[in-house]
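Shown next: my_file-v1.pdb, given as PDB, C-alpha atoms, pLDDT in the B column.
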ATOM      1  CA  MET Q   1       8.408   7.480  17.250  1.00 50.00           C
ATOM      2  CA  LYS Q   2      11.861   6.472  16.005  1.00 50.00           C
ATOM      3  CA  LYS Q   3      12.472   4.373  19.108  1.00 50.00           C
ATOM      4  CA  THR Q   4       9.128   2.593  18.677  1.00 50.00           C
ATOM      5  CA  PHE Q   5       9.882   1.840  15.041  1.00 47.00           C
ATOM      6  CA  ILE Q   6      13.269   0.340  15.966  1.00 45.00           C
ATOM      7  CA  LEU Q   7      11.519  -1.909  18.476  1.00 48.00           C
ATOM      8  CA  LEU Q   8       9.106  -2.937  15.722  1.00 49.00           C
ATOM      9  CA  LEU Q   9      11.966  -3.954  13.438  1.00 49.00           C
ATOM     10  CA  ILE Q  10      13.525  -6.000  16.248  1.00 45.00           C
ATOM     11  CA  LEU Q  11      10.176  -7.699  16.788  1.00 48.00           C
ATOM     12  CA  VAL Q  12       9.905  -8.532  13.092  1.00 45.00           C
ATOM     13  CA  LEU Q  13      13.378 -10.040  13.056  1.00 43.00           C
ATOM     14  CA  CYS Q  14      12.684 -12.140  16.144  1.00 43.00           C
ATOM     15  CA  VAL Q  15       9.212 -13.337  15.181  1.00 40.00           C
ATOM     16  CA  GLY Q  16      10.031 -13.637  11.494  1.00 37.00           C
ATOM     17  CA  CYS Q  17      12.676 -16.261  12.172  1.00 34.00           C
ATOM     18  CA  THR Q  18      10.263 -18.534  14.018  1.00 35.00           C
ATOM     19  CA  ARG Q  19       7.526 -20.737  12.672  1.00 37.00           C
ATOM     20  CA  ILE Q  20       3.965 -19.543  13.116  1.00 40.00           C
ATOM     21  CA  ASP Q  21       2.040 -22.000  15.267  1.00 43.00           C
ATOM     22  CA  ASN Q  22      -0.995 -19.760  15.877  1.00 51.00           C
ATOM     23  CA  ILE Q  23      -2.441 -16.424  14.838  1.00 63.00           C
ATOM     24  CA  GLU Q  24      -1.323 -14.584  17.971  1.00 70.00           C
ATOM     25  CA  ASN Q  25       2.035 -13.733  16.374  1.00 81.00           C
ATOM     26  CA  LEU Q  26       0.262 -12.167  13.407  1.00 88.00           C
ATOM     27  CA  ASP Q  27      -2.020 -10.148  15.675  1.00 89.00           C
ATOM     28  CA  THR Q  28       1.036  -8.911  17.566  1.00 88.00           C
ATOM     29  CA  LEU Q  29       2.750  -7.799  14.364  1.00 87.00           C
ATOM     30  CA  VAL Q  30      -0.263  -5.868  13.093  1.00 90.00           C
ATOM     31  CA  ASP Q  31      -0.977  -4.225  16.449  1.00 90.00           C
ATOM     32  CA  THR Q  32       2.663  -3.194  16.851  1.00 90.00           C
ATOM     33  CA  ILE Q  33       2.710  -1.554  13.423  1.00 89.00           C
ATOM     34  CA  PHE Q  34      -0.340   0.531  14.295  1.00 88.00           C
ATOM     35  CA  GLN Q  35       1.043   1.438  17.709  1.00 88.00           C
ATOM     36  CA  SER Q  36       4.260   2.717  16.142  1.00 85.00           C
ATOM     37  CA  GLY Q  37       2.327   5.118  13.899  1.00 84.00           C
ATOM     38  CA  SER Q  38       2.623   5.740  10.164  1.00 85.00           C
ATOM     39  CA  GLN Q  39       6.143   6.159   8.853  1.00 89.00           C
ATOM     40  CA  LYS Q  40       7.203   9.238   6.906  1.00 92.00           C
ATOM     41  CA  ALA Q  41       6.882   8.666   3.159  1.00 95.00           C
ATOM     42  CA  ASN Q  42      10.083   8.206   1.168  1.00 95.00           C
ATOM     43  CA  THR Q  43       8.610   7.111  -2.190  1.00 96.00           C
ATOM     44  CA  THR Q  44       6.156   8.836  -4.523  1.00 94.00           C
ATOM     45  CA  SER Q  45       3.680   7.534  -7.083  1.00 95.00           C
ATOM     46  CA  LEU Q  46       0.808   8.954  -9.132  1.00 93.00           C
ATOM     47  CA  GLY Q  47      -1.546  10.659  -6.657  1.00 95.00           C
ATOM     48  CA  TYR Q  48       0.034   9.403  -3.445  1.00 96.00           C
ATOM     49  CA  LYS Q  49       3.266   8.724  -1.561  1.00 96.00           C
ATOM     50  CA  TYR Q  50       4.282   5.991   0.875  1.00 96.00           C
ATOM     51  CA  TYR Q  51       7.096   4.589   2.982  1.00 96.00           C
ATOM     52  CA  LEU Q  52       9.109   1.798   1.388  1.00 96.00           C
ATOM     53  CA  PRO Q  53      10.754  -0.328   4.136  1.00 94.00           C
ATOM     54  CA  MET Q  54      14.413  -1.262   3.969  1.00 92.00           C
ATOM     55  CA  GLY Q  55      14.913  -4.511   2.090  1.00 93.00           C
ATOM     56  CA  VAL Q  56      11.858  -3.991  -0.156  1.00 96.00           C
ATOM     57  CA  GLU Q  57      12.741  -3.390  -3.807  1.00 96.00           C
ATOM     58  CA  LYS Q  58      10.359  -1.557  -6.126  1.00 96.00           C
ATOM     59  CA  VAL Q  59      10.428  -3.556  -9.350  1.00 97.00           C
ATOM     60  CA  SER Q  60       7.991  -1.474 -11.397  1.00 95.00           C
ATOM     61  CA  ASP Q  61       5.522   1.396 -11.095  1.00 95.00           C
ATOM     62  CA  LYS Q  62       2.693   1.981 -13.568  1.00 92.00           C
ATOM     63  CA  ASP Q  63      -0.148   4.394 -12.829  1.00 87.00           C
ATOM     64  CA  TYR Q  64      -1.704   3.128  -9.581  1.00 93.00           C
ATOM     65  CA  ASN Q  65       0.070  -0.239  -9.585  1.00 95.00           C
ATOM     66  CA  GLN Q  66       3.368  -1.095  -7.985  1.00 96.00           C
ATOM     67  CA  LYS Q  67       5.281  -4.348  -7.948  1.00 97.00           C
ATOM     68  CA  PHE Q  68       7.720  -4.987  -5.102  1.00 98.00           C
ATOM     69  CA  LYS Q  69      10.194  -7.749  -4.406  1.00 97.00           C
ATOM     70  CA  VAL Q  70      11.100  -9.027  -0.934  1.00 95.00           C
ATOM     71  CA  ASN Q  71      13.673 -11.798  -1.038  1.00 90.00           C
ATOM     72  CA  ASP Q  72      12.159 -14.134  -3.654  1.00 90.00           C
ATOM     73  CA  ASN Q  73       8.557 -13.000  -3.113  1.00 95.00           C
ATOM     74  CA  TYR Q  74       6.594 -10.413  -5.080  1.00 97.00           C
ATOM     75  CA  ILE Q  75       4.059  -7.992  -3.642  1.00 97.00           C
ATOM     76  CA  TYR Q  76       1.460  -6.395  -5.940  1.00 98.00           C
ATOM     77  CA  LEU Q  77      -0.163  -3.120  -4.895  1.00 97.00           C
ATOM     78  CA  TYR Q  78      -3.127  -1.303  -6.415  1.00 96.00           C
ATOM     79  CA  ALA Q  79      -4.376   2.060  -5.125  1.00 95.00           C
ATOM     80  CA  ASP Q  80      -8.038   2.829  -5.821  1.00 94.00           C
ATOM     81  CA  ILE Q  81      -7.894   6.623  -6.048  1.00 94.00           C
ATOM     82  CA  VAL Q  82     -11.425   6.857  -7.476  1.00 92.00           C
ATOM     83  CA  SER Q  83     -12.942   5.190  -4.429  1.00 92.00           C
ATOM     84  CA  TYR Q  84     -10.743   7.352  -2.201  1.00 94.00           C
ATOM     85  CA  TYR Q  85     -11.869  10.507  -4.010  1.00 94.00           C
ATOM     86  CA  TYR Q  86     -15.560   9.669  -3.507  1.00 93.00           C
ATOM     87  CA  GLN Q  87     -14.955   8.138  -0.045  1.00 90.00           C
ATOM     88  CA  ASN Q  88     -16.925   5.039  -0.986  1.00 88.00           C
ATOM     89  CA  ALA Q  89     -17.737   2.531   1.727  1.00 79.00           C
ATOM     90  CA  LEU Q  90     -15.650  -0.605   1.264  1.00 73.00           C
ATOM     91  CA  ASN Q  91     -16.966  -4.163   1.269  1.00 73.00           C
ATOM     92  CA  PHE Q  92     -15.494  -6.195   4.143  1.00 70.00           C
ATOM     93  CA  THR Q  93     -17.360  -9.499   3.672  1.00 72.00           C
ATOM     94  CA  ASP Q  94     -14.440 -11.574   2.434  1.00 79.00           C
ATOM     95  CA  GLU Q  95     -14.126 -13.848   5.461  1.00 77.00           C
ATOM     96  CA  ASP Q  96     -14.687 -17.577   5.081  1.00 79.00           C
ATOM     97  CA  ASP Q  97     -14.287 -20.627   7.289  1.00 76.00           C
ATOM     98  CA  ASN Q  98     -11.332 -21.958   5.318  1.00 77.00           C
ATOM     99  CA  CYS Q  99      -9.039 -18.952   5.577  1.00 87.00           C
ATOM    100  CA  TYR Q 100      -5.927 -19.346   7.700  1.00 90.00           C
ATOM    101  CA  TYR Q 101      -6.110 -15.845   9.168  1.00 92.00           C
ATOM    102  CA  TYR Q 102      -8.623 -12.994   9.002  1.00 92.00           C
ATOM    103  CA  LYS Q 103      -8.558  -9.670  10.802  1.00 92.00           C
ATOM    104  CA  LYS Q 104     -10.696  -6.580  10.366  1.00 91.00           C
ATOM    105  CA  ILE Q 105      -8.838  -3.288  10.625  1.00 91.00           C
ATOM    106  CA  ASN Q 106     -10.072   0.012  12.011  1.00 89.00           C
ATOM    107  CA  ASN Q 107      -7.165   2.326  12.748  1.00 90.00           C
ATOM    108  CA  ASN Q 108      -7.671   6.074  13.124  1.00 86.00           C
ATOM    109  CA  GLY Q 109     -10.600   6.072  10.721  1.00 85.00           C
ATOM    110  CA  LYS Q 110      -8.843   3.903   8.130  1.00 88.00           C
ATOM    111  CA  GLU Q 111     -10.655   0.609   7.644  1.00 89.00           C
ATOM    112  CA  GLY Q 112      -9.908  -2.642   5.909  1.00 92.00           C
ATOM    113  CA  TYR Q 113      -9.033  -6.286   6.504  1.00 94.00           C
ATOM    114  CA  ILE Q 114      -6.265  -8.845   6.263  1.00 95.00           C
ATOM    115  CA  LYS Q 115      -6.982 -12.267   4.806  1.00 94.00           C
ATOM    116  CA  ILE Q 116      -4.469 -15.100   4.546  1.00 94.00           C
ATOM    117  CA  GLU Q 117      -5.333 -18.345   2.786  1.00 93.00           C
ATOM    118  CA  LYS Q 118      -3.300 -21.506   3.104  1.00 91.00           C
ATOM    119  CA  LEU Q 119      -2.972 -23.116  -0.299  1.00 90.00           C
ATOM    120  CA  LYS Q 120      -0.882 -26.214  -0.806  1.00 79.00           C
ATOM    121  CA  SER Q 121       1.813 -27.239   1.652  1.00 78.00           C
ATOM    122  CA  ASP Q 122       3.881 -24.285   2.852  1.00 83.00           C
ATOM    123  CA  GLU Q 123       2.290 -21.762   0.444  1.00 92.00           C
ATOM    124  CA  TYR Q 124       0.112 -18.860   1.522  1.00 94.00           C
ATOM    125  CA  PHE Q 125      -1.835 -16.160  -0.279  1.00 96.00           C
ATOM    126  CA  ILE Q 126      -2.002 -12.746   1.426  1.00 96.00           C
ATOM    127  CA  LYS Q 127      -4.712 -10.246   0.576  1.00 96.00           C
ATOM    128  CA  ILE Q 128      -4.925  -6.894   2.357  1.00 96.00           C
ATOM    129  CA  ILE Q 129      -7.449  -4.147   1.683  1.00 94.00           C
ATOM    130  CA  TYR Q 130      -6.713  -1.053   3.721  1.00 94.00           C
ATOM    131  CA  ASN Q 131      -6.601   2.711   3.246  1.00 93.00           C
ATOM    132  CA  TYR Q 132      -8.248   2.423  -0.218  1.00 94.00           C
ATOM    133  CA  THR Q 133      -5.402   0.195  -1.372  1.00 95.00           C
ATOM    134  CA  LYS Q 134      -5.074  -3.501  -2.077  1.00 95.00           C
ATOM    135  CA  ILE Q 135      -2.021  -5.707  -1.712  1.00 97.00           C
ATOM    136  CA  GLU Q 136      -1.752  -9.314  -2.866  1.00 97.00           C
ATOM    137  CA  ALA Q 137       1.208 -11.658  -2.458  1.00 97.00           C
ATOM    138  CA  TYR Q 138       2.165 -15.321  -2.399  1.00 96.00           C
ATOM    139  CA  THR Q 139       4.719 -16.542   0.108  1.00 95.00           C
ATOM    140  CA  ASN Q 140       5.856 -19.532   2.114  1.00 93.00           C
ATOM    141  CA  LYS Q 141       5.546 -19.913   5.867  1.00 89.00           C
ATOM    142  CA  PRO Q 142       9.046 -18.756   6.875  1.00 90.00           C
ATOM    143  CA  ASN Q 143       8.555 -15.473   4.969  1.00 92.00           C
ATOM    144  CA  LEU Q 144       4.931 -14.907   5.971  1.00 93.00           C
ATOM    145  CA  ASN Q 145       5.678 -12.533   8.861  1.00 92.00           C
ATOM    146  CA  LYS Q 146       8.103 -10.479   6.783  1.00 93.00           C
ATOM    147  CA  ILE Q 147       5.730 -10.082   3.830  1.00 95.00           C
ATOM    148  CA  LEU Q 148       2.796  -9.196   6.095  1.00 95.00           C
ATOM    149  CA  THR Q 149       4.840  -6.641   8.067  1.00 93.00           C
ATOM    150  CA  ASP Q 150       6.283  -4.890   5.011  1.00 96.00           C
ATOM    151  CA  SER Q 151       2.874  -4.820   3.341  1.00 96.00           C
ATOM    152  CA  MET Q 152       1.160  -3.289   6.366  1.00 95.00           C
ATOM    153  CA  ILE Q 153       3.890  -0.658   6.815  1.00 95.00           C
ATOM    154  CA  ILE Q 154       3.487   0.398   3.177  1.00 96.00           C
ATOM    155  CA  LEU Q 155      -0.313   0.566   3.309  1.00 95.00           C
ATOM    156  CA  ASP Q 156      -0.454   2.378   6.643  1.00 94.00           C
ATOM    157  CA  SER Q 157       1.987   5.022   5.391  1.00 95.00           C
ATOM    158  CA  ILE Q 158       0.115   5.883   2.176  1.00 95.00           C
ATOM    159  CA  ASP Q 159      -0.623   9.596   2.017  1.00 95.00           C
ATOM    160  CA  TYR Q 160      -2.929  10.707  -0.802  1.00 96.00           C
ATOM    161  CA  ASN Q 161      -2.438  13.973  -2.685  1.00 96.00           C
ATOM    162  CA  ASN Q 162      -5.989  15.350  -2.739  1.00 96.00           C
ATOM    163  CA  LYS Q 163      -5.333  18.207  -5.174  1.00 95.00           C
ATOM    164  CA  LEU Q 164      -3.562  15.983  -7.683  1.00 95.00           C
ATOM    165  CA  ILE Q 165      -6.223  13.268  -7.442  1.00 96.00           C
ATOM    166  CA  GLU Q 166      -8.977  15.833  -7.997  1.00 95.00           C
ATOM    167  CA  LYS Q 167      -7.143  17.068 -11.081  1.00 94.00           C
ATOM    168  CA  ILE Q 168      -6.718  13.520 -12.396  1.00 92.00           C
ATOM    169  CA  ILE Q 169     -10.427  12.729 -11.894  1.00 92.00           C
ATOM    170  CA  ASP Q 170     -11.495  15.990 -13.536  1.00 91.00           C
ATOM    171  CA  GLU Q 171      -9.272  15.367 -16.550  1.00 87.00           C
ATOM    172  CA  GLU Q 172     -10.578  11.816 -16.975  1.00 79.00           C
ATOM    173  CA  TYR Q 173     -14.165  13.059 -16.859  1.00 71.00           C
ATOM    174  CA  SER Q 174     -13.434  15.906 -19.256  1.00 72.00           C
ATOM    175  CA  SER Q 175     -11.666  13.678 -21.767  1.00 68.00           C
ATOM    176  CA  SER Q 176     -14.737  11.411 -21.979  1.00 59.00           C
ATOM    177  CA  ALA Q 177     -17.353  14.196 -22.106  1.00 53.00           C
ATOM    178  CA  ASP Q 178     -17.897  13.882 -25.884  1.00 50.00           C
ATOM    179  CA  LYS Q 179     -18.401  10.110 -25.742  1.00 50.00           C
ATOM    180  CA  GLU Q 180     -21.870   8.574 -25.862  1.00 48.00           C
ATOM    181  CA  TYR Q 181     -21.694   6.931 -22.461  1.00 42.00           C
ATOM    182  CA  LYS Q 182     -21.759   8.705 -19.111  1.00 46.00           C
ATOM    183  CA  ILE Q 183     -19.365   7.989 -16.263  1.00 41.00           C
ATOM    184  CA  ASP Q 184     -21.340   7.733 -13.043  1.00 50.00           C
ATOM    185  CA  LYS Q 185     -20.067   8.044  -9.513  1.00 48.00           C
ATOM    186  CA  PRO Q 186     -18.814   4.610  -8.441  1.00 48.00           C
ATOM    187  CA  GLN Q 187     -21.160   2.750  -6.111  1.00 49.00           C
ATOM    188  CA  ASP Q 188     -18.799  -0.034  -5.048  1.00 48.00           C
ATOM    189  CA  ALA Q 189     -15.172   0.320  -4.083  1.00 44.00           C
ATOM    190  CA  GLU Q 190     -14.338  -3.333  -4.716  1.00 49.00           C
ATOM    191  CA  SER Q 191     -11.296  -3.193  -6.985  1.00 48.00           C
ATOM    192  CA  LYS Q 192     -10.980  -5.474 -10.012  1.00 49.00           C
ATOM    193  CA  PHE Q 193      -7.424  -6.305  -9.059  1.00 52.00           C
ATOM    194  CA  SER Q 194      -7.011  -9.250 -11.407  1.00 52.00           C
ATOM    195  CA  GLU Q 195      -7.967  -7.140 -14.414  1.00 54.00           C
ATOM    196  CA  TYR Q 196      -5.580  -4.371 -13.449  1.00 47.00           C
ATOM    197  CA  LEU Q 197      -2.856  -6.926 -12.778  1.00 49.00           C
ATOM    198  CA  SER Q 198      -3.263  -8.597 -16.156  1.00 51.00           C
ATOM    199  CA  GLU Q 199      -2.912  -5.226 -17.867  1.00 49.00           C
ATOM    200  CA  TYR Q 200      -0.027  -4.324 -15.610  1.00 44.00           C
ATOM    201  CA  VAL Q 201       2.200  -7.379 -16.040  1.00 47.00           C
ATOM    202  CA  GLY Q 202       1.058  -8.476 -19.493  1.00 49.00           C
ATOM    203  CA  GLU Q 203       2.897  -7.674 -22.670  1.00 47.00           C
ATOM    204  CA  GLU Q 204       1.204  -6.374 -25.778  1.00 46.00           C
ATOM    205  CA  GLU Q 205       1.314  -8.839 -28.640  1.00 47.00           C
ATOM    206  CA  PRO Q 206       2.806  -7.406 -31.895  1.00 50.00           C
ATOM    207  CA  THR Q 207       0.350  -6.824 -34.733  1.00 46.00           C
ATOM    208  CA  PRO Q 208       1.187  -9.113 -37.711  1.00 47.00           C
ATOM    209  CA  ASP Q 209       1.831  -7.514 -41.095  1.00 51.00           C
ATOM    210  CA  LEU Q 210      -1.005  -8.146 -43.543  1.00 46.00           C
ATOM    211  CA  PRO Q 211      -0.213  -8.956 -47.215  1.00 47.00           C
ATOM    212  CA  ASP Q 212      -0.918  -6.183 -49.710  1.00 47.00           C
ATOM    213  CA  TYR Q 213      -3.463  -7.429 -52.228  1.00 39.00           C
TER
END

Written as structure tokens, that's how I'd like the structure from this file.
Amino acid sequence: MKKTFILLLILVLCVGCTRIDNIENLDTLVDTIFQSGSQKANTTSLGYKYYLPMGVEKVSDKDYNQKFKVNDNYIYLYADIVSYYYQNALNFTDEDDNCYYYKKINNNGKEGYIKIEKLKSDEYFIKIIYNYTKIEAYTNKPNLNKILTDSMIILDSIDYNNKLIEKIIDEEYSSSADKEYKIDKPQDAESKFSEYLSEYVGEEEPTPDLPDY
């Protein structure tokens, strides 16, 4: 396992320094990560743990959201523990004719997809849904391999804490029991990432003092 992972890192260094002329390099990276197996977790968060690759800096951690920095690029992660708890079927219909790269994932029962969109010149948007987790990142072409590899290593290594998640879900349901509305079992695992992200990175505006009449 350790030997395979070292070979993976060598592959990333070699491929990451070259320009991507076709999608075969990306397929090779993803397949190699899966062949090496999930790495042992070295970082914990609320309800799960994961492996943070060398060179990836964790900038912030709030609830089920993490923000990482790789070189000058940021990676945003959101773990959907509610969908994981109920084992909801995910929606994998995000492919379109304009995307630069799209790959469905089915690895040892963990499903998802990778979607890369080419925006303006030399700018790419990466979106990965896998293992009940979503990652989004913007990067340029020279860093595309590196960002994709680090993201996939993190997502593939995520190990959920079932007992803690069950406790969290039970407490959330109990705390809302005396409210008028009822929380139903989620029917769709599609995460509202933008809403979570706006809450995550936004700053609360101060409340102005009102004059005393």

### Residue IDs satisfying the PyMOL selection byres ((chain Q and resi 67) around 12), as a PyMOL selection string
chain Q and resi 52+56-66+68-70+73-79+134-137+151+197+200-201

### Message
Once the PyMOL selection byres ((chain Q and resi 140) around 9) has been evaluated on this model, what residues remain selected, and can you format them as a PyMOL selection string?
### Response
chain Q and resi 73+121-125+138-139+141-144

### Summary
Atom pair atom CA of Ile105 of chain Q + atom CA of Asn131 of chain Q, distance 9.8 Å

### Residues matched by the PyMOL selection byres ((chain Q and resi 130) around 7) as a VMD selection string
chain Q and resid 110 to 113 128 to 129 131 to 134 155

### Query
Nearest to Thr149 of chain Q among Q:Met54, Q:Glu171, Q:Asn42, Q:Tyr48, with distances taken over only C-alpha atoms: which residue is it?
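Of Q:Met54, Q:Glu171, Q:Asn42, Q:Tyr48, the one nearest Thr149 of chain Q, counting only C-alpha atoms, is Q:Met54.
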
### Task
Work out how far atom CA of Ile116 of chain Q is from atom CA of Cys99 of chain Q, in Å to one decimal.
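These two atoms are separated by 6.1 Å.
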
### Query
So which residues touch Ile165 of chain Q within 9 Å, counting all atoms listed in the file, skipping near sequence neighbours fewer than 6 positions away, as a VMD selection string?
chain Q and resid 46 to 48 81 to 82 85

### Query
What is the distance, in Å and to one decimal place, between atom CA of Lys104 of chain Q and atom CA of Phe92 of chain Q?
7.9 Å

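Restricting the calculation to all atoms listed in the file, the smallest distance between Asp150 of chain Q and any of Q:Lys40, Q:Ser45, Q:Gly55, Q:Phe34 is found for Q:Gly55.
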
### Query
Restricting the calculation to only C-alpha atoms, which member of Q:Gln35, Q:Glu117, Q:Ile158, Q:Ile153 is positioned closest to Asn98 of chain Q?
Q:Glu117

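Closest approach to Met152 of chain Q from the set Q:Leu26, Q:Ile33, Q:Ala41, Q:Ala89 is made by Q:Ile33, with distances taken over all atoms listed in the file.
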
Taking all atoms of segment 167-171 of chain Q that the file lists, what box with edges along x, y and z, padded by 5 Å per side, do you get, with centre and edge lengths in Å to one decimal, as lines of an AutoDock Vina configuration file?
center_x = -9.1
center_y = 14.9
center_z = -13.8
size_x = 14.8
size_y = 14.3
size_z = 15.5

### Message
Considering all atoms listed in the file, can you say which of Q:Glu24, Q:Asn145, Q:Gly37, Q:Lys115 comes closest to Asp96 of chain Q?
### Response
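Between Q:Glu24, Q:Asn145, Q:Gly37, Q:Lys115, the residue approaching Asp96 of chain Q most closely is Q:Lys115.
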